[in-house]
Structures are given as C-alpha cells and as structure tokens.
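Participant: Got a file for you: work_1.tsv, TSV, C-alpha atoms and all ligand atoms.
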chain	number	residue	atom	x	y	z
M	1	MET	CA	4.97	-3.79	15.96
M	2	LYS	CA	6.01	-4.64	12.40
M	3	LEU	CA	3.31	-5.36	9.86
M	4	ILE	CA	2.83	-5.94	6.15
M	5	PHE	CA	-0.32	-4.85	4.36
M	6	LEU	CA	-1.22	-6.99	1.33
M	7	GLY	CA	-4.16	-6.53	-0.99
M	8	PRO	CA	-5.06	-5.47	-4.50
M	9	PRO	CA	-4.91	-1.85	-5.63
M	10	GLY	CA	-7.87	-0.02	-4.13
M	11	ALA	CA	-8.44	-2.50	-1.27
M	12	GLY	CA	-8.02	0.26	1.32
M	13	LYS	CA	-4.45	-0.41	2.47
M	14	GLY	CA	-3.47	3.25	2.57
M	15	THR	CA	-6.73	4.30	4.24
M	16	GLN	CA	-6.43	1.70	7.01
M	17	ALA	CA	-2.66	2.05	7.42
M	18	GLU	CA	-3.10	5.72	8.25
M	19	LYS	CA	-5.47	4.84	11.12
M	20	ILE	CA	-3.27	2.05	12.44
M	21	CYS	CA	-0.23	4.33	12.49
M	22	LYS	CA	-2.07	7.01	14.44
M	23	ASP	CA	-3.47	4.61	17.06
M	24	TYR	CA	-0.44	2.36	17.48
M	25	ASP	CA	2.20	5.06	17.01
M	26	ILE	CA	4.03	3.32	14.19
M	27	VAL	CA	5.23	4.55	10.80
M	28	GLN	CA	3.64	3.85	7.40
M	29	LEU	CA	6.05	2.99	4.64
M	30	SER	CA	4.28	3.12	1.29
M	31	THR	CA	6.51	2.26	-1.66
M	32	GLY	CA	3.96	3.86	-4.03
M	33	ASP	CA	4.09	7.15	-2.06
M	34	ILE	CA	7.90	7.11	-2.00
M	35	LEU	CA	8.03	6.52	-5.75
M	36	ARG	CA	5.51	9.30	-6.43
M	37	THR	CA	7.52	11.73	-4.28
M	38	ASN	CA	10.64	10.83	-6.25
M	39	ARG	CA	8.80	11.45	-9.51
M	40	LYS	CA	7.58	14.81	-8.26
M	41	HIS	CA	11.15	15.84	-7.46
M	42	GLY	CA	12.54	14.43	-10.74
M	43	THR	CA	15.12	12.16	-9.06
M	44	GLU	CA	16.93	9.36	-10.93
M	45	LEU	CA	14.78	6.82	-9.11
M	46	GLY	CA	11.63	8.71	-10.10
M	47	LYS	CA	12.70	8.77	-13.76
M	48	LYS	CA	13.47	5.05	-13.74
M	49	ALA	CA	10.10	4.18	-12.19
M	50	GLN	CA	7.92	6.49	-14.30
M	51	SER	CA	7.10	4.39	-17.36
M	52	TYR	CA	6.35	1.25	-15.33
M	53	MET	CA	4.03	3.12	-12.97
M	54	ASP	CA	2.09	4.84	-15.74
M	55	ALA	CA	1.51	1.52	-17.48
M	56	GLY	CA	0.41	-0.14	-14.24
M	57	GLU	CA	3.41	-2.50	-14.31
M	58	LEU	CA	5.63	-3.27	-11.36
M	59	VAL	CA	8.90	-1.38	-11.06
M	60	PRO	CA	11.75	-3.97	-11.36
M	61	ASP	CA	12.56	-5.79	-8.11
M	62	GLN	CA	16.15	-4.61	-7.83
M	63	ILE	CA	15.16	-0.93	-7.95
M	64	ILE	CA	12.55	-1.46	-5.24
M	65	ILE	CA	14.88	-3.56	-3.08
M	66	ASP	CA	17.64	-0.91	-3.21
M	67	MET	CA	15.08	1.70	-2.23
M	68	ILE	CA	13.63	-0.29	0.68
M	69	LYS	CA	17.12	-1.04	2.04
M	70	GLU	CA	17.66	2.70	2.47
M	71	GLU	CA	14.20	3.27	3.95
M	72	LEU	CA	14.51	0.53	6.57
M	73	LYS	CA	17.64	2.22	7.96
M	74	LYS	CA	15.69	5.33	8.99
M	75	PRO	CA	15.66	5.83	12.77
M	76	GLU	CA	11.96	6.75	12.93
M	77	LEU	CA	11.18	3.15	11.96
M	78	ASN	CA	12.54	1.92	15.29
M	79	LYS	CA	9.14	2.38	16.92
M	80	GLY	CA	7.54	-0.03	14.44
M	81	TYR	CA	6.18	0.13	10.94
M	82	ILE	CA	3.62	-1.01	8.46
M	83	LEU	CA	4.76	-1.83	4.94
M	84	ASP	CA	2.08	-0.74	2.46
M	85	GLY	CA	2.62	-1.89	-1.11
M	86	PHE	CA	5.78	-3.87	-0.38
M	87	PRO	CA	6.61	-6.70	-0.88
M	88	ARG	CA	4.72	-7.30	-4.14
M	89	THR	CA	6.65	-10.26	-5.56
M	90	VAL	CA	8.16	-13.40	-4.05
M	91	PRO	CA	11.76	-12.19	-4.67
M	92	GLN	CA	10.91	-8.94	-2.80
M	93	ALA	CA	9.49	-10.96	0.12
M	94	GLU	CA	12.57	-13.18	0.26
M	95	GLU	CA	14.81	-10.13	0.24
M	96	LEU	CA	12.75	-8.55	3.04
M	97	ASP	CA	13.14	-11.71	5.14
M	98	LYS	CA	16.89	-11.51	4.64
M	99	LEU	CA	17.07	-7.78	5.46
M	100	MET	CA	14.96	-8.12	8.61
M	101	LYS	CA	17.05	-11.05	9.78
M	102	GLU	CA	20.26	-9.05	9.27
M	103	MET	CA	18.72	-6.18	11.26
M	104	GLY	CA	17.55	-8.53	14.04
M	105	GLN	CA	13.89	-7.68	13.40
M	106	ASN	CA	10.78	-9.88	13.48
M	107	LEU	CA	7.62	-9.49	11.48
M	108	ASP	CA	4.46	-9.61	13.64
M	109	ALA	CA	1.75	-10.14	11.03
M	110	VAL	CA	0.69	-9.86	7.42
M	111	LEU	CA	-2.77	-8.33	7.01
M	112	ILE	CA	-4.49	-9.27	3.76
M	113	LEU	CA	-7.41	-7.08	2.68
M	114	GLU	CA	-9.75	-8.91	0.30
M	115	VAL	CA	-12.00	-7.00	-2.11
M	116	GLN	CA	-13.56	-8.14	-5.43
M	117	ASN	CA	-12.49	-6.58	-8.72
M	118	GLU	CA	-15.72	-4.73	-9.58
M	119	GLU	CA	-15.63	-2.91	-6.23
M	120	LEU	CA	-11.91	-2.16	-6.71
M	121	VAL	CA	-12.65	-0.51	-10.06
M	122	ARG	CA	-15.39	1.61	-8.42
M	123	ARG	CA	-12.98	2.68	-5.71
M	124	LEU	CA	-10.01	3.42	-7.97
M	125	THR	CA	-11.79	5.33	-10.72
M	126	SER	CA	-13.11	7.87	-8.18
M	127	ARG	CA	-10.05	7.99	-5.92
M	128	ARG	CA	-8.42	11.37	-5.36
M	129	ILE	CA	-5.03	11.93	-3.72
M	130	CYS	CA	-3.55	14.91	-1.88
M	131	ARG	CA	-0.60	16.33	-3.83
M	132	THR	CA	1.17	17.26	-0.61
M	133	CYS	CA	0.65	14.38	1.86
M	134	GLY	CA	-0.61	11.53	-0.37
M	135	LYS	CA	-3.78	10.93	1.70
M	136	SER	CA	-6.49	9.28	-0.37
M	137	TYR	CA	-10.16	10.19	-0.70
M	138	HIS	CA	-13.09	8.89	-2.72
M	139	LEU	CA	-15.53	11.20	-4.47
M	140	ILE	CA	-18.55	9.30	-3.08
M	141	TYR	CA	-17.43	6.84	-0.36
M	142	ASN	CA	-14.93	9.05	1.45
M	143	PRO	CA	-15.17	12.66	0.24
M	144	PRO	CA	-13.12	15.52	1.66
M	145	LYS	CA	-14.91	18.20	3.74
M	146	VAL	CA	-14.27	20.78	1.01
M	147	GLU	CA	-14.34	19.60	-2.62
M	148	GLY	CA	-10.86	19.23	-4.13
M	149	VAL	CA	-9.05	20.09	-0.87
M	150	CYS	CA	-7.26	17.77	1.61
M	151	ASN	CA	-8.80	17.76	5.14
M	152	VAL	CA	-5.39	17.46	6.76
M	153	ASP	CA	-3.16	20.04	5.08
M	154	GLY	CA	-5.32	21.89	2.56
M	155	GLY	CA	-3.36	20.37	-0.37
M	156	GLU	CA	-4.89	20.06	-3.83
M	157	LEU	CA	-6.55	16.73	-4.63
M	158	TYR	CA	-5.74	15.07	-7.97
M	159	GLN	CA	-6.43	11.87	-9.85
M	160	ARG	CA	-3.41	9.59	-10.31
M	161	ASP	CA	-2.53	8.84	-13.96
M	162	ASP	CA	-2.68	5.12	-13.18
M	163	ASP	CA	-6.18	5.44	-11.68
M	164	LYS	CA	-7.64	5.47	-15.20
M	165	GLU	CA	-9.45	2.47	-16.66
M	166	GLU	CA	-6.67	0.90	-18.76
M	167	PRO	CA	-3.84	0.96	-16.17
M	168	ILE	CA	-6.33	-0.16	-13.49
M	169	ARG	CA	-7.14	-3.28	-15.49
M	170	ASN	CA	-3.44	-3.99	-15.90
M	171	ARG	CA	-2.72	-3.43	-12.19
M	172	LEU	CA	-5.43	-5.91	-11.19
M	173	GLN	CA	-3.93	-8.50	-13.54
M	174	VAL	CA	-0.42	-7.80	-12.27
M	175	TYR	CA	-1.70	-8.26	-8.70
M	176	GLU	CA	-3.20	-11.65	-9.53
M	177	ASN	CA	-0.12	-12.88	-11.37
M	178	GLN	CA	2.73	-11.47	-9.31
M	179	THR	CA	1.47	-10.51	-5.85
M	180	MET	CA	-1.17	-13.13	-5.00
M	181	PRO	CA	1.47	-15.88	-4.68
M	182	LEU	CA	2.65	-13.96	-1.60
M	183	ILE	CA	-0.54	-14.94	0.21
M	184	GLU	CA	0.51	-18.60	0.12
M	185	TYR	CA	4.05	-17.56	1.02
M	186	TYR	CA	2.89	-15.92	4.26
M	187	ILE	CA	0.25	-18.59	5.02
M	188	SER	CA	3.07	-21.13	4.98
M	189	LYS	CA	4.94	-18.97	7.49
M	190	ASN	CA	1.81	-18.72	9.71
M	191	MET	CA	1.83	-14.95	9.37
M	192	ALA	CA	-1.25	-14.33	7.21
M	193	HIS	CA	-4.51	-12.79	8.49
M	194	LYS	CA	-7.24	-12.40	5.88
M	195	ILE	CA	-9.73	-9.56	6.40
M	196	ASP	CA	-12.88	-8.90	4.37
M	197	GLY	CA	-12.31	-5.41	2.96
M	198	ILE	CA	-15.94	-4.77	1.98
M	199	GLY	CA	-17.93	-2.53	4.30
M	200	LYS	CA	-17.57	0.81	6.02
M	201	ILE	CA	-14.02	2.06	6.60
M	202	LYS	CA	-14.64	2.07	10.39
M	203	GLU	CA	-16.00	-1.50	10.42
M	204	ILE	CA	-12.97	-2.79	8.57
M	205	TYR	CA	-10.72	-0.96	10.99
M	206	SER	CA	-12.47	-2.73	13.92
M	207	LYS	CA	-11.74	-6.08	12.30
M	208	ILE	CA	-8.09	-5.11	11.91
M	209	GLN	CA	-7.93	-4.07	15.56
M	210	GLU	CA	-9.29	-7.49	16.59
M	211	VAL	CA	-6.46	-9.14	14.68
M	212	LEU	CA	-3.82	-6.80	16.12
M	213	GLU	CA	-5.00	-7.45	19.69
M	214	LYS	CA	-4.32	-11.16	19.25
M	215	ILE	CA	-0.80	-11.00	17.82
M	301	LIG	P1	-4.97	1.08	-1.58
M	301	LIG	O1	-3.94	1.82	-0.73
M	301	LIG	O2	-5.16	-0.33	-1.14
M	301	LIG	O3	-4.71	1.20	-3.05
M	301	LIG	P2	-6.80	3.22	-0.73
M	301	LIG	O4	-6.70	3.21	0.75
M	301	LIG	O5	-6.16	4.34	-1.48
M	301	LIG	O6	-6.37	1.79	-1.33
M	301	LIG	O7	-8.37	3.18	-1.09
M	301	LIG	C1	-8.80	3.13	-2.45
M	301	LIG	C2	-10.03	4.02	-2.64
M	301	LIG	O8	-11.15	3.43	-1.98
M	301	LIG	C3	-9.90	5.42	-2.06
M	301	LIG	O9	-10.65	6.28	-2.89
M	301	LIG	C4	-10.54	5.29	-0.67
M	301	LIG	O10	-11.07	6.53	-0.21
M	301	LIG	C5	-11.63	4.27	-0.94
M	301	LIG	N1	-11.92	3.39	0.19
M	301	LIG	C6	-11.05	2.89	1.12
M	301	LIG	N2	-11.69	2.05	1.97
M	301	LIG	C7	-12.97	1.98	1.54
M	301	LIG	C8	-14.14	1.28	2.01
M	301	LIG	N3	-14.08	0.47	3.05
M	301	LIG	N4	-15.29	1.46	1.32
M	301	LIG	C9	-15.36	2.29	0.25
M	301	LIG	N5	-14.30	2.97	-0.23
M	301	LIG	C10	-13.13	2.83	0.41
M	302	LIG	P1	-2.02	0.98	-5.20
M	302	LIG	O1	-2.58	2.15	-4.49
M	302	LIG	O2	-2.65	0.69	-6.48
M	302	LIG	O3	-1.90	-0.26	-4.36
M	302	LIG	P2	0.74	1.91	-5.10
M	302	LIG	O4	0.64	3.35	-4.81
M	302	LIG	O5	1.13	0.99	-4.01
M	302	LIG	O6	-0.61	1.41	-5.77
M	302	LIG	O7	1.74	1.67	-6.33
M	302	LIG	C1	1.68	2.43	-7.51
M	302	LIG	C2	2.70	1.89	-8.50
M	302	LIG	O8	4.02	2.01	-7.96
M	302	LIG	C3	2.56	0.42	-8.85
M	302	LIG	O9	1.61	0.16	-9.88
M	302	LIG	C4	3.99	0.08	-9.29
M	302	LIG	O10	4.26	0.57	-10.60
M	302	LIG	C5	4.83	0.90	-8.32
M	302	LIG	N1	5.17	0.14	-7.09
M	302	LIG	C6	4.83	0.46	-5.81
M	302	LIG	N2	5.31	-0.47	-4.95
M	302	LIG	C7	5.98	-1.37	-5.70
M	302	LIG	C8	6.68	-2.58	-5.40
M	302	LIG	N3	6.80	-3.02	-4.13
M	302	LIG	N4	7.23	-3.27	-6.43
M	302	LIG	C9	7.13	-2.84	-7.70
M	302	LIG	N5	6.48	-1.72	-8.06
M	302	LIG	C10	5.90	-0.99	-7.07
Could you write out this structure as structure tokens?
Facilitator:
Amino acid sequence: MKLIFLGPPGAGKGTQAEKICKDYDIVQLSTGDILRTNRKHGTELGKKAQSYMDAGELVPDQIIIDMIKEELKKPELNKGYILDGFPRTVPQAEELDKLMKEMGQNLDAVLILEVQNEELVRRLTSRRICRTCGKSYHLIYNPPKVEGVCNVDGGELYQRDDDKEEPIRNRLQVYENQTMPLIEYYISKNMAHKIDGIGKIKEIYSKIQEVLEKI
C-alpha cells in the first residue's frame, strides 16, 4: 500500500500515520522528521534547510526532491509507505509521479485531513515532540503518561521552534498558497479522499480505516 497524507500543519498527519504504519505494516516517511534529524546531526542538508524551517517557509523544491529520491530507494519501503509532509507543492507532486513511474510503483490513495485554522493553532502551540523518535504529543489533548517524557522510548519532549505563534501563522499561509492546490491535483487524478480531522484521535482513525478498506 502506498499512500500520501495531505493536510495543514497540526491536522494530525503524524499522529494518524503512526497508527496506520503499525496496523498495516508499512513505513512512514516524514520529510519534516528527516529534515529535523539532519539538522540535529549538522549535515549539509540540515544547514541548508534550517533558515527556511525556522521561518515556517518551505525548503526549496530541488533540495526536497533530491532528498526524497534517496529515501525512496531504501529497501524497507518495499512493503509499502505513507508519505507524510511530501509532496507540498505541485512541482514536488509532478516529480513524485515521475519517480514512481520510473520505479514501476502505483499510488493507492491520497488522504486529506481537514481541520480549521483556530483548532490548528490550539494543537500546534501545545504540541510537544520526542527528541529521539519524533513522536508528537499534546499537553492537553494527547499528553504523555509522564510529563515531559516520551511513552515509547523515554526521550525528552520539546517544543519545536516553528511551533511558536509567528511561524505557525506563516506555515498556515504557506499551506493555503502552495500546498492546497495539490488537493485539486489529486481530485483530478481520482486519488483524493477527504477526511474530517476534528474529533477524537481514535474516531478519526476509524474513518481512515473505512477509506483504506475500500481502496
Ligand atoms: P501534523 O503531523 O499534521 O503536523 P500532528 O500529528 O503532529 O500533526 O498533530 C498536531 C498536534 O495535535 C499534536 O500535538 C497532536 O498530539 C495533536 N492531535 C493530533 N490529532 C488530534 C486530534 N484528533 N484532536 C486533538 N489533538 C490532536
Ligand atoms: P508540520 O508538522 O507542520 O506539518 P513538518 O514537520 O512536515 O511540519 O515540516 C516542518 C518544516 O519542514 C516545514 O515548515 C518546511 O520548512 C520543511 N518541510 C518539510 N517537508 C517539506 C516539503 N515537502 N517541502 C518543503 N519543505 C518541507
């Protein structure tokens, strides 16, 4: 199974992708997580991406495309994958189509999580991330068992620099301007499945499962 997860920052893509991967035995490929790991290790890619990420801007397409080309070659992706946070622009989507065609792969579905801006701001301002595995929590909606500590690996939880008010506002604008056109792109390819992202995490997951059973 090969899926794309689309939706604004804070819609719950990472949260739901983690569940899907566990239940369907596929791999999550989050471009945001890969970029943050590169920053942590001070790689060239991490240094190039840094200023864009902190400002809530998109990293230039060519950098992301070069990165995804390498990622898609990884053997663990053979069992299927879910792309979380990629593509985010029409040129990225066109490049993905080309790459998948070259690799003889077919996309099964594009899941689009819809959540209104005021709820996104509530989710993002209180989001906390594990430094080690990248799993996300929310101080009120989805707290860890022990404050400040990841349930899975005991890693320290932190607030992302771009989960502050100013970059959040910019990211929401960037989503509307640069990523929303992808919804039409995938509707025209008959791939798009819109899902209401408001509600309990479990309820949203059930709606996703209904979609996945039909594809
Ligand atoms: P994305 O990957 O789309 O940016 P996340 O999965 O990191 O979003 O979720 C954003 C924040 O909202 C996190 O703090 C997460 O715990 C929380 N969250 C996710 N799903 C829900 C939900 N259905 N209701 C309330 N909060 C949620
Ligand atoms: P969110 O949880 O808000 O959806 P991500 O973790 O996916 O955010 O992305 C964080 C940042 O990483 C983005 O604001 C952007 O700077 C960069 N980024 C991630 N994926 C892409 C992409 N496909 N194209 C361009 N920039 C990206």
Participant: At a cut-off of 9 Å around ligand LIG 302 (chain M), and using all atoms listed in the file, what residues come up? Please write them as a ChimeraX atom specification.
Facilitator: /M:6-14,30-36,49-61,63-65,68,84-89,92,124,162-163,167-168,170-172,174
Participant: Could you please give me, as a ChimeraX atom specification, the residues of protein, DNA or RNA lying at most 10 Å from (-2.9, -8.5, 15.2) in the coordinate frame of the file, considering only C-alpha atoms?
Facilitator: /M:1,3,108-111,191,193,207-215
Participant: Interatomic distance between atom CA of Glu76 of chain M and atom CA of Ile4 of chain M?
Facilitator: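 Separating atom CA of Glu76 of chain M from atom CA of Ile4 of chain M is a distance of 17.0 Å.
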Participant: Select from chain M every residue with an atom at most 10 Å from any atom of ligand LIG 301 (chain M), then for each give the shortest pair of atoms and their distance in Å to one decimal, using all atoms listed in the file, rows by chain and rising number, as CSV.
Facilitator:
residue,atom,partner,partner_atom,distance
M:Phe5,CA,M:LIG301,O2,8.6
M:Leu6,CA,M:LIG301,O2,8.1
M:Gly7,CA,M:LIG301,O2,6.3
M:Pro8,CA,M:LIG301,O2,6.1
M:Pro9,CA,M:LIG301,O3,4.0
M:Gly10,CA,M:LIG301,O3,3.6
M:Ala11,CA,M:LIG301,O2,3.9
M:Gly12,CA,M:LIG301,O4,3.3
M:Lys13,CA,M:LIG301,O2,3.7
M:Gly14,CA,M:LIG301,O1,3.6
M:Thr15,CA,M:LIG301,O4,3.7
M:Gln16,CA,M:LIG301,O4,6.4
M:Ala17,CA,M:LIG301,O4,7.9
M:Glu18,CA,M:LIG301,O4,8.7
M:Ser30,CA,M:LIG301,O1,8.6
M:Gly32,CA,M:LIG301,O1,8.8
M:Asp33,CA,M:LIG301,O1,9.7
M:Asp84,CA,M:LIG301,O1,7.3
M:Gly85,CA,M:LIG301,O1,7.5
M:Leu113,CA,M:LIG301,O2,8.1
M:Glu114,CA,M:LIG301,O2,9.8
M:Val115,CA,M:LIG301,N3,9.3
M:Glu119,CA,M:LIG301,C9,8.3
M:Leu120,CA,M:LIG301,O8,7.4
M:Val121,CA,M:LIG301,C2,9.1
M:Arg122,CA,M:LIG301,O8,7.9
M:Arg123,CA,M:LIG301,O8,4.2
M:Leu124,CA,M:LIG301,C2,5.4
M:Thr125,CA,M:LIG301,O9,8.0
M:Ser126,CA,M:LIG301,O9,6.0
M:Arg127,CA,M:LIG301,O9,3.5
M:Arg128,CA,M:LIG301,O9,6.1
M:Ile129,CA,M:LIG301,O5,8.0
M:Gly134,CA,M:LIG301,O5,9.2
M:Lys135,CA,M:LIG301,O5,7.7
M:Ser136,CA,M:LIG301,O5,5.1
M:Tyr137,CA,M:LIG301,O10,3.8
M:His138,CA,M:LIG301,O9,3.6
M:Leu139,CA,M:LIG301,O9,7.1
M:Ile140,CA,M:LIG301,N5,8.1
M:Tyr141,CA,M:LIG301,N5,5.0
M:Asn142,CA,M:LIG301,O10,4.9
M:Pro143,CA,M:LIG301,O10,7.4
M:Pro144,CA,M:LIG301,O10,9.4
M:Gln159,CA,M:LIG301,O9,9.9
M:Asp163,CA,M:LIG301,O3,9.7
M:Asp196,CA,M:LIG301,N3,9.5
M:Gly197,CA,M:LIG301,N3,6.1
M:Ile198,CA,M:LIG301,N3,5.7
M:Gly199,CA,M:LIG301,N3,5.0
M:Lys200,CA,M:LIG301,N3,4.6
M:Ile201,CA,M:LIG301,N3,3.9
M:Lys202,CA,M:LIG301,N3,7.5
M:Glu203,CA,M:LIG301,N3,7.9
M:Ile204,CA,M:LIG301,N3,6.5
M:Tyr205,CA,M:LIG301,N3,8.7
Participant: What separation in Å, quoted to one decimal, exists between atom CA of Gln62 of chain M and atom CA of Lys98 of chain M?
Facilitator: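 Going from atom CA of Gln62 of chain M over to atom CA of Lys98 of chain M covers 14.3 Å.
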Participant: Provide the atom CA of Val146 of chain M to atom CA of Arg39 of chain M distance in Å, to one decimal place.
Facilitator: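 Computing it gives 27.0 Å between the two atoms.
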Participant: How big is the axis-aligned box around all listed atoms of segment 53-57 of chain M once 4 Å goes on each side, and where's its centre, in Å to one decimal, as AutoDock Vina command-line options?
Facilitator:
--center_x 2.2 --center_y 1.2 --center_z -15.2 --size_x 11.6 --size_y 15.3 --size_z 12.5
Participant: Using all atoms listed in the file, collect all residues at a distance of at most 12 Å from (3.1, -16.0, -3.7) as written in the file, then present them as a PyMOL selection string.
Facilitator: chain M and resi 6+87-94+175-189+192
Participant: Go ahead and dump the residues you just picked, C-alpha atoms, as a PDB file, keeping the file's coordinate frame.
Facilitator:
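Produced file part.pdb, reproduced below:
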ATOM      1  CA  LEU M   6      -1.220  -6.990   1.330  1.00  0.00           C
ATOM      2  CA  PRO M  87       6.610  -6.700  -0.880  1.00  0.00           C
ATOM      3  CA  ARG M  88       4.720  -7.300  -4.140  1.00  0.00           C
ATOM      4  CA  THR M  89       6.650 -10.260  -5.560  1.00  0.00           C
ATOM      5  CA  VAL M  90       8.160 -13.400  -4.050  1.00  0.00           C
ATOM      6  CA  PRO M  91      11.760 -12.190  -4.670  1.00  0.00           C
ATOM      7  CA  GLN M  92      10.910  -8.940  -2.800  1.00  0.00           C
ATOM      8  CA  ALA M  93       9.490 -10.960   0.120  1.00  0.00           C
ATOM      9  CA  GLU M  94      12.570 -13.180   0.260  1.00  0.00           C
ATOM     10  CA  TYR M 175      -1.700  -8.260  -8.700  1.00  0.00           C
ATOM     11  CA  GLU M 176      -3.200 -11.650  -9.530  1.00  0.00           C
ATOM     12  CA  ASN M 177      -0.120 -12.880 -11.370  1.00  0.00           C
ATOM     13  CA  GLN M 178       2.730 -11.470  -9.310  1.00  0.00           C
ATOM     14  CA  THR M 179       1.470 -10.510  -5.850  1.00  0.00           C
ATOM     15  CA  MET M 180      -1.170 -13.130  -5.000  1.00  0.00           C
ATOM     16  CA  PRO M 181       1.470 -15.880  -4.680  1.00  0.00           C
ATOM     17  CA  LEU M 182       2.650 -13.960  -1.600  1.00  0.00           C
ATOM     18  CA  ILE M 183      -0.540 -14.940   0.210  1.00  0.00           C
ATOM     19  CA  GLU M 184       0.510 -18.600   0.120  1.00  0.00           C
ATOM     20  CA  TYR M 185       4.050 -17.560   1.020  1.00  0.00           C
ATOM     21  CA  TYR M 186       2.890 -15.920   4.260  1.00  0.00           C
ATOM     22  CA  ILE M 187       0.250 -18.590   5.020  1.00  0.00           C
ATOM     23  CA  SER M 188       3.070 -21.130   4.980  1.00  0.00           C
ATOM     24  CA  LYS M 189       4.940 -18.970   7.490  1.00  0.00           C
ATOM     25  CA  ALA M 192      -1.250 -14.330   7.210  1.00  0.00           C
TER      26      ALA M 192
END
Participant: Given only C-alpha atoms as the basis, pick out the residue of M:Asn151, M:Gln116, M:Arg131, M:Ile26 nearest to Pro75 of chain M.
Facilitator: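 Comparing M:Asn151, M:Gln116, M:Arg131, M:Ile26 against Pro75 of chain M, the winner is M:Ile26.
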